[in-house]
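In what follows, a structure is listed as structure tokens, so that the remarks can point back to it.
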Amino acid sequence: MATLDPNSIPGMIEPVERRLLYRLGSELAFEDGECGVEFGAFFGRSTAFLSLGLRARSGISPPLFVYDSFGCDAGGSFRPHVLSFAEAGGVRHLVQESHGRVDFFPVFSFYLKSMMDCGAVVATRSELADSRPPINPIRLMHIDSPKLYVDFKPILFRFFPRLKLGAAIVFQDFFYHWSATLIAAVGALLRFGYLELRETAATSLVCILVRELDEKAAAEVDLAMSSDANVLVFMDYAIEACSRMPVDRPETFLARLQLAKLQWFMERGNGARAAEVITRFFQGGGSVNQTVFNDFIELMSNSFSMEKLYRLDHKGVESGV
Ligand SMILES: C[S@@+](CC[C@H](N)C(=O)[O-])C[C@H]1O[C@@H](n2cnc3c(N)ncnc32)[C@H](O)[C@@H]1O
């Protein structure tokens with residue numbers, strides 16, 4: 001098998017997250033037939049660290065099932081990122097553009113070919129709304145595509161019931177200013193006793209499944225998430241729970257949770273409540289570093305909403321099959 005150098009793959013996860021994925025892949029106790037699942041592979045950086053970790057184990061090497069659209073709209077928000085990461089890696093020629101769509105699966109295949117050829121990585125090109133789980137029980141899940149609860153729902157309904165008790169779930173971009181409803185969904189899963197917090201690394205939050213969640217339970221969580229009042233309660237629950245645990249660079253990542261809440265209020269046209277979030281943050285002794293300030297400016301320059309641009313790149317569940 002050709003050697004895979006995961007650090008050479010252009011990507012969006014920090015060194016501390018790369019080490020985390022490798023460690024989870026190599027150290028989690030997998031049973032025969034179990035697998036890992038990843039949503040949001042992009043060019044394959046996170047995939048490479050996960051799959052190398054899984055292969056570093058003694059004995060069985062569980063397969064890693066990967067889901068991504070591996071494409072975006074030519075006029076959407078993601079294309080500039082695809083092109084700049086491809087330029088940086090010297091693989092711009094592998095990005096294909098036609099009929100208003102951008103296809104980066106050839107980049108993923110270029111880097112992950114050896115892992116796919118030997119069956120260590122099984123990649124599916126699909127929208128989250130259309131993604132279906134493998135038959136294998138899932139021991140490790142890396143979620144790095146949805147930032148909105150509505151896009152996380154297919155994972156909750158179809159993949160969470162396949163998780164084994166004790167499975168590790170990594171919510172990448174949990175500590176992110178665009179992730180308000182994803183933060184709330186994690187808050188709901190914590191509050192209903194399905195998840196426990198384990199550790200954080202950069203924007204990633206690692207949780208452990210401590211109570212099995214079937215389709216009926218998923219529907220209950222979904223019902224609870226359908227009210228804005230509850231979403232707020234769940235967001236606060238998650239923020240409170242995180243502020244009681246050791247968090248990687250809390251001055252940035254805990255502050256981001258407050259920014260996410262502010263974004264959520266602003267998107268709903270509730271500037272007064274958004275102002276309260278900022279006021280309380282500063283009254284509570286919070287301060288803003290350059291990173292958090294830049295995040296705020298990013299929110300503001302997008303008028304506190306990304307959904308329209310995101311929908312150009314990815315269809316939602318509601319938009320049909
Ligand atoms: C932040 S990038 C992932 C970064 C990657 N994990 C790494 O290590 O560099 C998010 C990925 O999720 C995919 N994605 C986002 N929303 C999606 C959706 N609704 N359906 C399918 N793929 C989606 C994008 O195509 C993109 O490749």
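By convention in this document, the chains of the structure tokens carry letters A, B, ... by their order, each chain's residues are numbered from 1, and ligands are numbered from 1 in the order they are shown.
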Residues at most 6 Å from range 255-272 of chain A, counting only C-alpha atoms, excluding those fewer than 4 positions away in the same chain, as a PDB file with all heavy atoms, in the first residue's frame?
```pdb
ATOM      1  N   PHE A 175     -17.943  24.215  18.640  1.00  0.00           N
ATOM      2  CA  PHE A 175     -17.587  25.534  19.183  1.00  0.00           C
ATOM      3  C   PHE A 175     -17.415  26.507  18.025  1.00  0.00           C
ATOM      4  O   PHE A 175     -16.303  26.922  17.683  1.00  0.00           O
ATOM      5  CB  PHE A 175     -16.289  25.436  20.009  1.00  0.00           C
ATOM      6  CG  PHE A 175     -16.430  24.589  21.237  1.00  0.00           C
ATOM      7  CD1 PHE A 175     -16.055  23.251  21.232  1.00  0.00           C
ATOM      8  CD2 PHE A 175     -16.962  25.116  22.415  1.00  0.00           C
ATOM      9  CE1 PHE A 175     -16.188  22.466  22.367  1.00  0.00           C
ATOM     10  CE2 PHE A 175     -17.090  24.336  23.552  1.00  0.00           C
ATOM     11  CZ  PHE A 175     -16.708  23.003  23.525  1.00  0.00           C
ATOM     12  N   TYR A 176     -18.530  26.822  17.391  1.00  0.00           N
ATOM     13  CA  TYR A 176     -18.494  27.590  16.143  1.00  0.00           C
ATOM     14  C   TYR A 176     -19.670  28.552  16.131  1.00  0.00           C
ATOM     15  O   TYR A 176     -20.787  28.182  16.520  1.00  0.00           O
ATOM     16  CB  TYR A 176     -18.577  26.600  14.969  1.00  0.00           C
ATOM     17  CG  TYR A 176     -18.326  27.167  13.609  1.00  0.00           C
ATOM     18  CD1 TYR A 176     -17.244  28.011  13.362  1.00  0.00           C
ATOM     19  CD2 TYR A 176     -19.159  26.832  12.538  1.00  0.00           C
ATOM     20  CE1 TYR A 176     -17.013  28.507  12.086  1.00  0.00           C
ATOM     21  CE2 TYR A 176     -18.930  27.325  11.268  1.00  0.00           C
ATOM     22  CZ  TYR A 176     -17.856  28.163  11.052  1.00  0.00           C
ATOM     23  OH  TYR A 176     -17.632  28.650   9.791  1.00  0.00           O
ATOM     24  N   HIS A 177     -19.401  29.760  15.642  1.00  0.00           N
ATOM     25  CA  HIS A 177     -20.427  30.801  15.725  1.00  0.00           C
ATOM     26  C   HIS A 177     -21.608  30.591  14.782  1.00  0.00           C
ATOM     27  O   HIS A 177     -22.602  31.291  14.889  1.00  0.00           O
ATOM     28  CB  HIS A 177     -19.787  32.175  15.518  1.00  0.00           C
ATOM     29  CG  HIS A 177     -18.771  32.221  14.416  1.00  0.00           C
ATOM     30  ND1 HIS A 177     -17.572  31.557  14.510  1.00  0.00           N
ATOM     31  CD2 HIS A 177     -18.781  32.814  13.213  1.00  0.00           C
ATOM     32  CE1 HIS A 177     -16.878  31.757  13.405  1.00  0.00           C
ATOM     33  NE2 HIS A 177     -17.592  32.509  12.601  1.00  0.00           N
ATOM     34  N   TRP A 178     -21.500  29.636  13.830  1.00  0.00           N
ATOM     35  CA  TRP A 178     -22.647  29.366  12.947  1.00  0.00           C
ATOM     36  C   TRP A 178     -23.405  28.114  13.374  1.00  0.00           C
ATOM     37  O   TRP A 178     -24.260  27.622  12.641  1.00  0.00           O
ATOM     38  CB  TRP A 178     -22.173  29.192  11.492  1.00  0.00           C
ATOM     39  CG  TRP A 178     -21.658  30.451  10.872  1.00  0.00           C
ATOM     40  CD1 TRP A 178     -20.354  30.725  10.554  1.00  0.00           C
ATOM     41  CD2 TRP A 178     -22.416  31.617  10.481  1.00  0.00           C
ATOM     42  NE1 TRP A 178     -20.252  31.980  10.003  1.00  0.00           N
ATOM     43  CE2 TRP A 178     -21.497  32.552   9.945  1.00  0.00           C
ATOM     44  CE3 TRP A 178     -23.766  31.960  10.546  1.00  0.00           C
ATOM     45  CZ2 TRP A 178     -21.892  33.798   9.460  1.00  0.00           C
ATOM     46  CZ3 TRP A 178     -24.146  33.209  10.064  1.00  0.00           C
ATOM     47  CH2 TRP A 178     -23.220  34.112   9.527  1.00  0.00           C
ATOM     48  N   ALA A 180     -25.434  27.372  16.049  1.00  0.00           N
ATOM     49  CA  ALA A 180     -26.403  27.513  17.153  1.00  0.00           C
ATOM     50  C   ALA A 180     -27.335  26.304  17.313  1.00  0.00           C
ATOM     51  O   ALA A 180     -27.458  25.746  18.412  1.00  0.00           O
ATOM     52  CB  ALA A 180     -27.220  28.787  16.952  1.00  0.00           C
ATOM     53  N   PHE A 304     -25.713  37.969   9.674  1.00  0.00           N
ATOM     54  CA  PHE A 304     -26.047  36.961  10.687  1.00  0.00           C
ATOM     55  C   PHE A 304     -26.792  35.759  10.125  1.00  0.00           C
ATOM     56  O   PHE A 304     -27.449  35.038  10.860  1.00  0.00           O
ATOM     57  CB  PHE A 304     -26.840  37.593  11.851  1.00  0.00           C
ATOM     58  CG  PHE A 304     -26.040  38.628  12.588  1.00  0.00           C
ATOM     59  CD1 PHE A 304     -26.147  39.976  12.261  1.00  0.00           C
ATOM     60  CD2 PHE A 304     -25.126  38.265  13.570  1.00  0.00           C
ATOM     61  CE1 PHE A 304     -25.375  40.943  12.915  1.00  0.00           C
ATOM     62  CE2 PHE A 304     -24.358  39.222  14.226  1.00  0.00           C
ATOM     63  CZ  PHE A 304     -24.475  40.556  13.897  1.00  0.00           C
ATOM     64  N   SER A 305     -26.686  35.530   8.828  1.00  0.00           N
ATOM     65  CA  SER A 305     -27.336  34.334   8.265  1.00  0.00           C
ATOM     66  C   SER A 305     -26.545  33.770   7.102  1.00  0.00           C
ATOM     67  O   SER A 305     -26.136  34.503   6.205  1.00  0.00           O
ATOM     68  CB  SER A 305     -28.757  34.676   7.805  1.00  0.00           C
ATOM     69  OG  SER A 305     -29.383  33.490   7.383  1.00  0.00           O
TER      70      SER A 305
END
```
- Task: Kindly provide, as a ChimeraX atom specification, all nucleotide and amino acid residues lying within 7 Å of ligand 1, counting only C-alpha atoms and all ligand atoms.
- Result: /A:10-13,39-47,67-72,126-129,144-146,151,314-316
Can those selected residues be exported to a file as a tab-separated table (two decimals), in the first residue's frame so that it contains N, CA, C and O atoms?
```tsv
chain	number	residue	atom	x	y	z
A	10	PRO	N	-4.51	19.06	2.25
A	10	PRO	CA	-5.07	20.34	2.68
A	10	PRO	C	-6.40	20.10	3.38
A	10	PRO	O	-7.20	19.27	2.93
A	11	GLY	N	-6.61	20.80	4.48
A	11	GLY	CA	-7.86	20.54	5.20
A	11	GLY	C	-8.12	21.53	6.29
A	11	GLY	O	-7.34	22.48	6.49
A	12	MET	N	-9.21	21.30	7.00
A	12	MET	CA	-9.73	22.33	7.89
A	12	MET	C	-9.61	21.98	9.36
A	12	MET	O	-10.13	22.71	10.19
A	13	ILE	N	-9.00	20.86	9.70
A	13	ILE	CA	-8.92	20.54	11.13
A	13	ILE	C	-7.52	20.83	11.67
A	13	ILE	O	-6.52	20.61	10.98
A	39	PHE	N	-18.92	12.13	8.55
A	39	PHE	CA	-19.70	13.01	7.67
A	39	PHE	C	-18.85	14.27	7.44
A	39	PHE	O	-18.49	14.95	8.41
A	40	GLY	N	-18.56	14.56	6.19
A	40	GLY	CA	-17.78	15.77	5.88
A	40	GLY	C	-16.30	15.47	5.81
A	40	GLY	O	-15.55	15.75	6.74
A	41	ALA	N	-15.87	14.90	4.68
A	41	ALA	CA	-14.47	14.49	4.54
A	41	ALA	C	-13.64	15.56	3.83
A	41	ALA	O	-12.43	15.64	4.02
A	42	PHE	N	-14.30	16.34	2.97
A	42	PHE	CA	-13.63	17.35	2.15
A	42	PHE	C	-12.52	16.68	1.34
A	42	PHE	O	-12.79	15.74	0.61
A	43	PHE	N	-11.25	17.09	1.47
A	43	PHE	CA	-10.18	16.46	0.67
A	43	PHE	C	-9.62	15.21	1.37
A	43	PHE	O	-8.73	14.55	0.84
A	44	GLY	N	-10.11	14.93	2.60
A	44	GLY	CA	-9.71	13.68	3.24
A	44	GLY	C	-8.73	13.80	4.40
A	44	GLY	O	-8.21	12.80	4.86
A	45	ARG	N	-8.50	15.03	4.89
A	45	ARG	CA	-7.54	15.15	6.00
A	45	ARG	C	-8.03	14.39	7.24
A	45	ARG	O	-7.31	13.54	7.78
A	46	SER	N	-9.24	14.70	7.68
A	46	SER	CA	-9.76	14.02	8.88
A	46	SER	C	-9.91	12.52	8.60
A	46	SER	O	-9.61	11.69	9.48
A	47	THR	N	-10.34	12.18	7.39
A	47	THR	CA	-10.50	10.76	7.01
A	47	THR	C	-9.17	10.02	7.18
A	47	THR	O	-9.11	8.90	7.68
A	67	TYR	N	-19.14	9.94	4.28
A	67	TYR	CA	-20.22	10.54	3.49
A	67	TYR	C	-19.92	12.01	3.24
A	67	TYR	O	-19.61	12.76	4.17
A	68	ASP	N	-20.04	12.41	1.99
A	68	ASP	CA	-19.85	13.82	1.63
A	68	ASP	C	-20.46	14.00	0.24
A	68	ASP	O	-20.47	13.07	-0.56
A	69	SER	N	-20.96	15.21	-0.02
A	69	SER	CA	-21.45	15.48	-1.38
A	69	SER	C	-20.26	15.60	-2.34
A	69	SER	O	-20.42	15.47	-3.54
A	70	PHE	N	-19.08	15.86	-1.78
A	70	PHE	CA	-17.86	16.06	-2.57
A	70	PHE	C	-18.10	17.06	-3.71
A	70	PHE	O	-17.49	16.97	-4.77
A	71	GLY	N	-19.01	17.99	-3.46
A	71	GLY	CA	-19.28	18.99	-4.49
A	71	GLY	C	-20.01	20.17	-3.90
A	71	GLY	O	-20.52	20.12	-2.78
A	72	CYS	N	-20.02	21.27	-4.64
A	72	CYS	CA	-20.75	22.46	-4.20
A	72	CYS	C	-21.16	23.27	-5.42
A	72	CYS	O	-20.79	22.93	-6.56
A	126	SER	N	-22.82	11.59	-1.28
A	126	SER	CA	-24.26	11.85	-1.12
A	126	SER	C	-24.49	13.06	-0.25
A	126	SER	O	-23.66	13.42	0.59
A	127	GLU	N	-25.63	13.68	-0.47
A	127	GLU	CA	-26.09	14.74	0.42
A	127	GLU	C	-26.46	14.08	1.75
A	127	GLU	O	-26.91	12.92	1.77
A	128	LEU	N	-26.33	14.82	2.84
A	128	LEU	CA	-26.73	14.28	4.15
A	128	LEU	C	-28.18	13.80	4.10
A	128	LEU	O	-28.51	12.74	4.65
A	129	ALA	N	-29.02	14.58	3.44
A	129	ALA	CA	-30.45	14.24	3.38
A	129	ALA	C	-30.69	12.86	2.78
A	129	ALA	O	-31.69	12.21	3.06
A	144	ASP	N	-18.65	16.29	10.68
A	144	ASP	CA	-18.00	17.55	10.29
A	144	ASP	C	-18.67	18.14	9.05
A	144	ASP	O	-18.01	18.66	8.17
A	145	SER	N	-20.01	17.98	8.96
A	145	SER	CA	-20.65	18.72	7.87
A	145	SER	C	-21.81	19.59	8.30
A	145	SER	O	-21.84	20.76	7.97
A	146	PRO	N	-22.78	19.09	9.05
A	146	PRO	CA	-23.91	19.98	9.32
A	146	PRO	C	-23.62	20.99	10.42
A	146	PRO	O	-22.98	20.66	11.41
A	151	ASP	N	-30.07	19.94	9.13
A	151	ASP	CA	-29.19	19.08	8.33
A	151	ASP	C	-28.61	17.93	9.14
A	151	ASP	O	-28.12	16.95	8.58
A	314	HIS	N	-25.90	22.80	-0.73
A	314	HIS	CA	-26.46	21.53	-0.24
A	314	HIS	C	-27.95	21.62	-0.08
A	314	HIS	O	-28.45	22.55	0.57
A	315	LYS	N	-28.64	20.63	-0.61
A	315	LYS	CA	-30.09	20.66	-0.46
A	315	LYS	C	-30.47	20.26	0.97
A	315	LYS	O	-29.76	19.52	1.64
A	316	GLY	N	-31.62	20.76	1.44
A	316	GLY	CA	-32.09	20.41	2.76
A	316	GLY	C	-33.05	19.24	2.68
A	316	GLY	O	-33.48	18.85	1.59
```
- Message: Env of range 91-95 of chain A: 8 Å cut, atoms = only C-alpha atoms, seq-sep filter 4 positions within chain, self excluded. Answer as JSON, numbers by chain.
- Response: {"A": [83, 86, 87, 102, 103, 104, 105, 106, 107]}
- Choose the residue, out of A:Asp248, A:Glu240, A:Glu196, A:Lys153, that has the smallest atom-to-atom separation from Glu215 in chain A; count only C-alpha atoms.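 Under the stated criterion, the closest residue is A:Lys153.
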Return as a short mmCIF file (atom, residue, chain, number, x, y, z; two decimals) with C-alpha atoms, in the first residue's frame the full set of residues in range 4-242 of chain A whose backbone-based DSSP assignment is strand (DSSP E).
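Result went into out.cif, see below:
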```cif
data_model
loop_
_atom_site.label_atom_id
_atom_site.label_comp_id
_atom_site.auth_asym_id
_atom_site.auth_seq_id
_atom_site.Cartn_x
_atom_site.Cartn_y
_atom_site.Cartn_z
CA CYS A 35 -17.18 0.49 12.13
CA GLY A 36 -16.40 4.18 12.13
CA VAL A 37 -18.46 6.75 10.24
CA GLU A 38 -17.53 10.22 9.08
CA PHE A 39 -19.70 13.01 7.67
CA LEU A 64 -14.46 3.75 8.00
CA PHE A 65 -17.60 4.77 6.06
CA VAL A 66 -17.39 8.32 4.77
CA TYR A 67 -20.22 10.54 3.49
CA ASP A 68 -19.85 13.82 1.63
CA GLY A 71 -19.28 18.99 -4.49
CA CYS A 72 -20.75 22.46 -4.20
CA ASP A 73 -22.39 25.17 -6.27
CA GLN A 96 -13.63 19.74 -11.85
CA GLU A 97 -16.11 22.48 -12.69
CA SER A 98 -19.01 22.05 -15.04
CA ARG A 101 -21.18 22.61 -10.00
CA VAL A 102 -17.76 22.04 -8.49
CA ASP A 103 -16.62 18.45 -7.99
CA VAL A 121 -12.22 3.62 3.67
CA VAL A 122 -15.59 3.31 1.94
CA ALA A 123 -16.62 6.68 0.51
CA THR A 124 -20.18 7.55 -0.51
CA ARG A 125 -20.93 10.66 -2.49
CA ILE A 138 -21.08 2.22 14.76
CA ARG A 139 -18.44 2.71 17.47
CA LEU A 140 -16.96 6.02 16.34
CA MET A 141 -18.61 8.93 14.54
CA HIS A 142 -16.99 12.11 13.28
CA ILE A 143 -19.55 14.74 12.29
CA LEU A 163 -24.46 3.68 17.57
CA LYS A 164 -23.20 1.21 20.17
CA LEU A 165 -23.49 2.12 23.83
CA GLY A 166 -20.17 3.75 24.76
CA ALA A 167 -19.58 4.98 21.20
CA ALA A 168 -17.63 8.21 20.77
CA ILE A 169 -19.20 11.01 18.75
CA VAL A 170 -17.04 13.92 17.66
CA PHE A 171 -19.03 17.05 16.86
CA LEU A 195 -24.84 11.79 25.72
CA GLU A 196 -22.14 12.68 28.19
CA LEU A 197 -19.36 15.17 27.57
CA ARG A 198 -15.88 13.72 27.34
CA GLU A 199 -13.30 16.25 26.01
CA THR A 200 -12.75 19.10 23.57
CA ALA A 201 -10.10 19.96 21.00
CA SER A 204 -14.47 19.66 18.32
CA LEU A 205 -16.57 18.32 21.17
CA VAL A 206 -16.30 14.62 22.01
CA CYS A 207 -19.35 12.96 23.56
CA ILE A 208 -20.05 9.39 24.65
CA LEU A 209 -23.35 7.64 24.00
#
```
- Query: What separation in Å, quoted to one decimal, exists between CA of Met245 in chain A and CA of Val221 in chain A?
  - Reply: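 If I compute the distance from CA of Met245 in chain A to CA of Val221 in chain A, I get 24.0 Å.
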- Query: When you draw a straight line from CA of Arg158 in chain A to CA of Asp222 in chain A, how long is it in Å?
  - Reply: 12.8 Å
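CA of Gln172 in chain A is positioned 22.6 Å from CA of Ala56 in chain A.
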- Considering only C-alpha atoms, state which residue in the set A:Val82, A:Ser26, A:Phe110, A:Ser226 is at the smallest distance from Tyr149 in chain A.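 Residue with the minimum atom-to-atom distance to Tyr149 in chain A: A:Ser226.
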Taking the DSSP assignment computed from this structure's backbone, write out as an mmCIF file with N, CA and C atoms, in the first residue's frame all residues of range 131-241 of chain A that belong to helix (DSSP H, G or I).
```cif
data_model
loop_
_atom_site.group_PDB
_atom_site.id
_atom_site.type_symbol
_atom_site.label_atom_id
_atom_site.label_comp_id
_atom_site.auth_asym_id
_atom_site.auth_seq_id
_atom_site.Cartn_x
_atom_site.Cartn_y
_atom_site.Cartn_z
ATOM 1 N N TYR A 149 -29.331 22.275 12.734
ATOM 2 C CA TYR A 149 -30.023 21.084 13.217
ATOM 3 C C TYR A 149 -30.780 20.376 12.087
ATOM 4 N N VAL A 150 -31.396 21.170 11.206
ATOM 5 C CA VAL A 150 -32.197 20.564 10.140
ATOM 6 C C VAL A 150 -31.344 19.635 9.268
ATOM 7 N N ASP A 151 -30.067 19.936 9.130
ATOM 8 C CA ASP A 151 -29.189 19.078 8.326
ATOM 9 C C ASP A 151 -28.607 17.930 9.142
ATOM 10 N N PHE A 152 -28.648 18.076 10.465
ATOM 11 C CA PHE A 152 -28.166 17.012 11.354
ATOM 12 C C PHE A 152 -29.228 15.915 11.525
ATOM 13 N N LYS A 153 -30.491 16.280 11.222
ATOM 14 C CA LYS A 153 -31.597 15.342 11.462
ATOM 15 C C LYS A 153 -31.429 13.972 10.801
ATOM 16 N N PRO A 154 -30.989 13.905 9.535
ATOM 17 C CA PRO A 154 -30.810 12.563 8.943
ATOM 18 C C PRO A 154 -29.811 11.713 9.731
ATOM 19 N N ILE A 155 -28.816 12.369 10.329
ATOM 20 C CA ILE A 155 -27.832 11.625 11.140
ATOM 21 C C ILE A 155 -28.504 11.132 12.418
ATOM 22 N N LEU A 156 -29.284 12.016 13.026
ATOM 23 C CA LEU A 156 -29.969 11.666 14.277
ATOM 24 C C LEU A 156 -30.931 10.497 14.059
ATOM 25 N N PHE A 157 -31.736 10.594 12.999
ATOM 26 C CA PHE A 157 -32.769 9.581 12.773
ATOM 27 C C PHE A 157 -32.216 8.266 12.208
ATOM 28 N N ARG A 158 -31.227 8.364 11.308
ATOM 29 C CA ARG A 158 -30.796 7.132 10.629
ATOM 30 C C ARG A 158 -29.535 6.514 11.219
ATOM 31 N N PHE A 159 -28.632 7.358 11.729
ATOM 32 C CA PHE A 159 -27.330 6.824 12.153
ATOM 33 C C PHE A 159 -27.226 6.656 13.673
ATOM 34 N N PHE A 160 -27.851 7.563 14.436
ATOM 35 C CA PHE A 160 -27.733 7.427 15.897
ATOM 36 C C PHE A 160 -28.285 6.085 16.401
ATOM 37 N N PRO A 161 -29.393 5.571 15.829
ATOM 38 C CA PRO A 161 -29.871 4.269 16.312
ATOM 39 C C PRO A 161 -28.874 3.129 16.050
ATOM 40 N N ARG A 162 -27.878 3.364 15.196
ATOM 41 C CA ARG A 162 -26.862 2.325 14.944
ATOM 42 C C ARG A 162 -25.650 2.449 15.864
ATOM 43 N N ALA A 180 -25.434 27.372 16.049
ATOM 44 C CA ALA A 180 -26.403 27.513 17.153
ATOM 45 C C ALA A 180 -27.335 26.304 17.313
ATOM 46 N N THR A 181 -27.998 25.893 16.232
ATOM 47 C CA THR A 181 -29.003 24.832 16.420
ATOM 48 C C THR A 181 -28.352 23.451 16.591
ATOM 49 N N LEU A 182 -27.121 23.307 16.107
ATOM 50 C CA LEU A 182 -26.399 22.053 16.372
ATOM 51 C C LEU A 182 -26.012 21.999 17.861
ATOM 52 N N ILE A 183 -25.600 23.150 18.382
ATOM 53 C CA ILE A 183 -25.274 23.243 19.815
ATOM 54 C C ILE A 183 -26.531 22.878 20.632
ATOM 55 N N ALA A 184 -27.678 23.405 20.192
ATOM 56 C CA ALA A 184 -28.930 23.103 20.899
ATOM 57 C C ALA A 184 -29.249 21.608 20.833
ATOM 58 N N ALA A 185 -29.024 20.990 19.672
ATOM 59 C CA ALA A 185 -29.320 19.553 19.534
ATOM 60 C C ALA A 185 -28.439 18.736 20.481
ATOM 61 N N VAL A 186 -27.173 19.122 20.593
ATOM 62 C CA VAL A 186 -26.288 18.419 21.532
ATOM 63 C C VAL A 186 -26.798 18.652 22.962
ATOM 64 N N GLY A 187 -27.233 19.895 23.227
ATOM 65 C CA GLY A 187 -27.798 20.206 24.551
ATOM 66 C C GLY A 187 -28.994 19.315 24.855
ATOM 67 N N ALA A 188 -29.859 19.112 23.855
ATOM 68 C CA ALA A 188 -31.036 18.252 24.058
ATOM 69 C C ALA A 188 -30.594 16.813 24.356
ATOM 70 N N LEU A 189 -29.612 16.324 23.605
ATOM 71 C CA LEU A 189 -29.148 14.938 23.806
ATOM 72 C C LEU A 189 -28.477 14.772 25.176
ATOM 73 N N LEU A 190 -27.822 15.842 25.642
ATOM 74 C CA LEU A 190 -27.219 15.796 26.987
ATOM 75 C C LEU A 190 -28.323 15.801 28.040
ATOM 76 N N ARG A 191 -29.269 16.710 27.843
ATOM 77 C CA ARG A 191 -30.320 16.891 28.855
ATOM 78 C C ARG A 191 -31.208 15.656 28.978
ATOM 79 N N GLU A 215 -35.306 5.082 16.896
ATOM 80 C CA GLU A 215 -36.011 6.053 16.033
ATOM 81 C C GLU A 215 -37.083 6.809 16.822
ATOM 82 N N LYS A 216 -37.735 6.084 17.763
ATOM 83 C CA LYS A 216 -38.795 6.731 18.553
ATOM 84 C C LYS A 216 -38.193 7.836 19.430
ATOM 85 N N ALA A 217 -37.050 7.543 20.028
ATOM 86 C CA ALA A 217 -36.380 8.546 20.870
ATOM 87 C C ALA A 217 -35.917 9.724 20.011
ATOM 88 N N ALA A 218 -35.463 9.427 18.788
ATOM 89 C CA ALA A 218 -35.032 10.502 17.878
ATOM 90 C C ALA A 218 -36.217 11.423 17.584
ATOM 91 N N ALA A 219 -37.398 10.817 17.407
ATOM 92 C CA ALA A 219 -38.598 11.619 17.121
ATOM 93 C C ALA A 219 -38.952 12.509 18.316
ATOM 94 N N GLU A 220 -38.731 11.999 19.530
ATOM 95 C CA GLU A 220 -38.997 12.813 20.732
ATOM 96 C C GLU A 220 -38.044 14.005 20.799
ATOM 97 N N VAL A 221 -36.759 13.738 20.510
ATOM 98 C CA VAL A 221 -35.774 14.830 20.519
ATOM 99 C C VAL A 221 -36.176 15.857 19.460
ATOM 100 N N ASP A 222 -36.576 15.349 18.298
ATOM 101 C CA ASP A 222 -36.956 16.237 17.191
ATOM 102 C C ASP A 222 -38.160 17.109 17.567
ATOM 103 N N LEU A 223 -39.118 16.486 18.224
ATOM 104 C CA LEU A 223 -40.311 17.218 18.655
ATOM 105 C C LEU A 223 -39.904 18.353 19.610
ATOM 106 N N ALA A 224 -39.020 18.013 20.536
ATOM 107 C CA ALA A 224 -38.567 19.029 21.494
ATOM 108 C C ALA A 224 -37.827 20.160 20.768
ATOM 109 N N MET A 225 -37.092 19.801 19.726
ATOM 110 C CA MET A 225 -36.309 20.808 18.997
ATOM 111 C C MET A 225 -37.175 21.682 18.096
ATOM 112 N N ASP A 228 -38.799 27.088 19.401
ATOM 113 C CA ASP A 228 -37.689 28.020 19.614
ATOM 114 C C ASP A 228 -37.370 28.171 21.103
ATOM 115 N N ALA A 229 -38.434 28.137 21.930
ATOM 116 C CA ALA A 229 -38.209 28.293 23.377
ATOM 117 C C ALA A 229 -37.324 27.149 23.872
ATOM 118 N N ASN A 230 -37.612 25.930 23.400
ATOM 119 C CA ASN A 230 -36.791 24.790 23.820
ATOM 120 C C ASN A 230 -35.370 24.893 23.278
ATOM 121 N N VAL A 231 -35.250 25.333 22.012
ATOM 122 C CA VAL A 231 -33.916 25.441 21.408
ATOM 123 C C VAL A 231 -33.035 26.325 22.295
ATOM 124 N N LEU A 232 -33.614 27.397 22.779
ATOM 125 C CA LEU A 232 -32.877 28.311 23.648
ATOM 126 C C LEU A 232 -32.468 27.619 24.959
ATOM 127 N N VAL A 233 -33.420 26.881 25.531
ATOM 128 C CA VAL A 233 -33.119 26.157 26.777
ATOM 129 C C VAL A 233 -31.983 25.150 26.534
ATOM 130 N N PHE A 234 -32.058 24.432 25.407
ATOM 131 C CA PHE A 234 -31.034 23.406 25.120
ATOM 132 C C PHE A 234 -29.673 24.045 24.834
ATOM 133 N N MET A 235 -29.716 25.203 24.135
ATOM 134 C CA MET A 235 -28.452 25.886 23.857
ATOM 135 C C MET A 235 -27.794 26.282 25.184
ATOM 136 N N ASP A 236 -28.600 26.859 26.079
ATOM 137 C CA ASP A 236 -28.065 27.276 27.381
ATOM 138 C C ASP A 236 -27.563 26.065 28.171
ATOM 139 N N TYR A 237 -28.288 24.955 28.063
ATOM 140 C CA TYR A 237 -27.881 23.739 28.792
ATOM 141 C C TYR A 237 -26.497 23.281 28.312
ATOM 142 N N ALA A 238 -26.314 23.296 26.976
ATOM 143 C CA ALA A 238 -25.023 22.865 26.412
ATOM 144 C C ALA A 238 -23.918 23.838 26.826
ATOM 145 N N ILE A 239 -24.216 25.128 26.764
ATOM 146 C CA ILE A 239 -23.201 26.141 27.106
ATOM 147 C C ILE A 239 -22.792 25.992 28.573
ATOM 148 N N GLU A 240 -23.790 25.802 29.426
ATOM 149 C CA GLU A 240 -23.547 25.639 30.858
ATOM 150 C C GLU A 240 -22.704 24.375 31.107
ATOM 151 N N ALA A 241 -23.086 23.281 30.445
ATOM 152 C CA ALA A 241 -22.345 22.021 30.641
ATOM 153 C C ALA A 241 -20.891 22.180 30.193
#
```
- Message: Residues near Ala120 in chain A, anyone? I mean within 8 Å using only C-alpha atoms, not counting same-chain ones fewer than 5 positions away, as a ChimeraX atom specification.
- Response: /A:51,55,61-64,115
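Shortest separation to Ile135 in chain A among A:Asp5, A:Asp117, A:Glu34, A:Glu17 occurs at residue A:Glu34, atoms counted being only C-alpha atoms.
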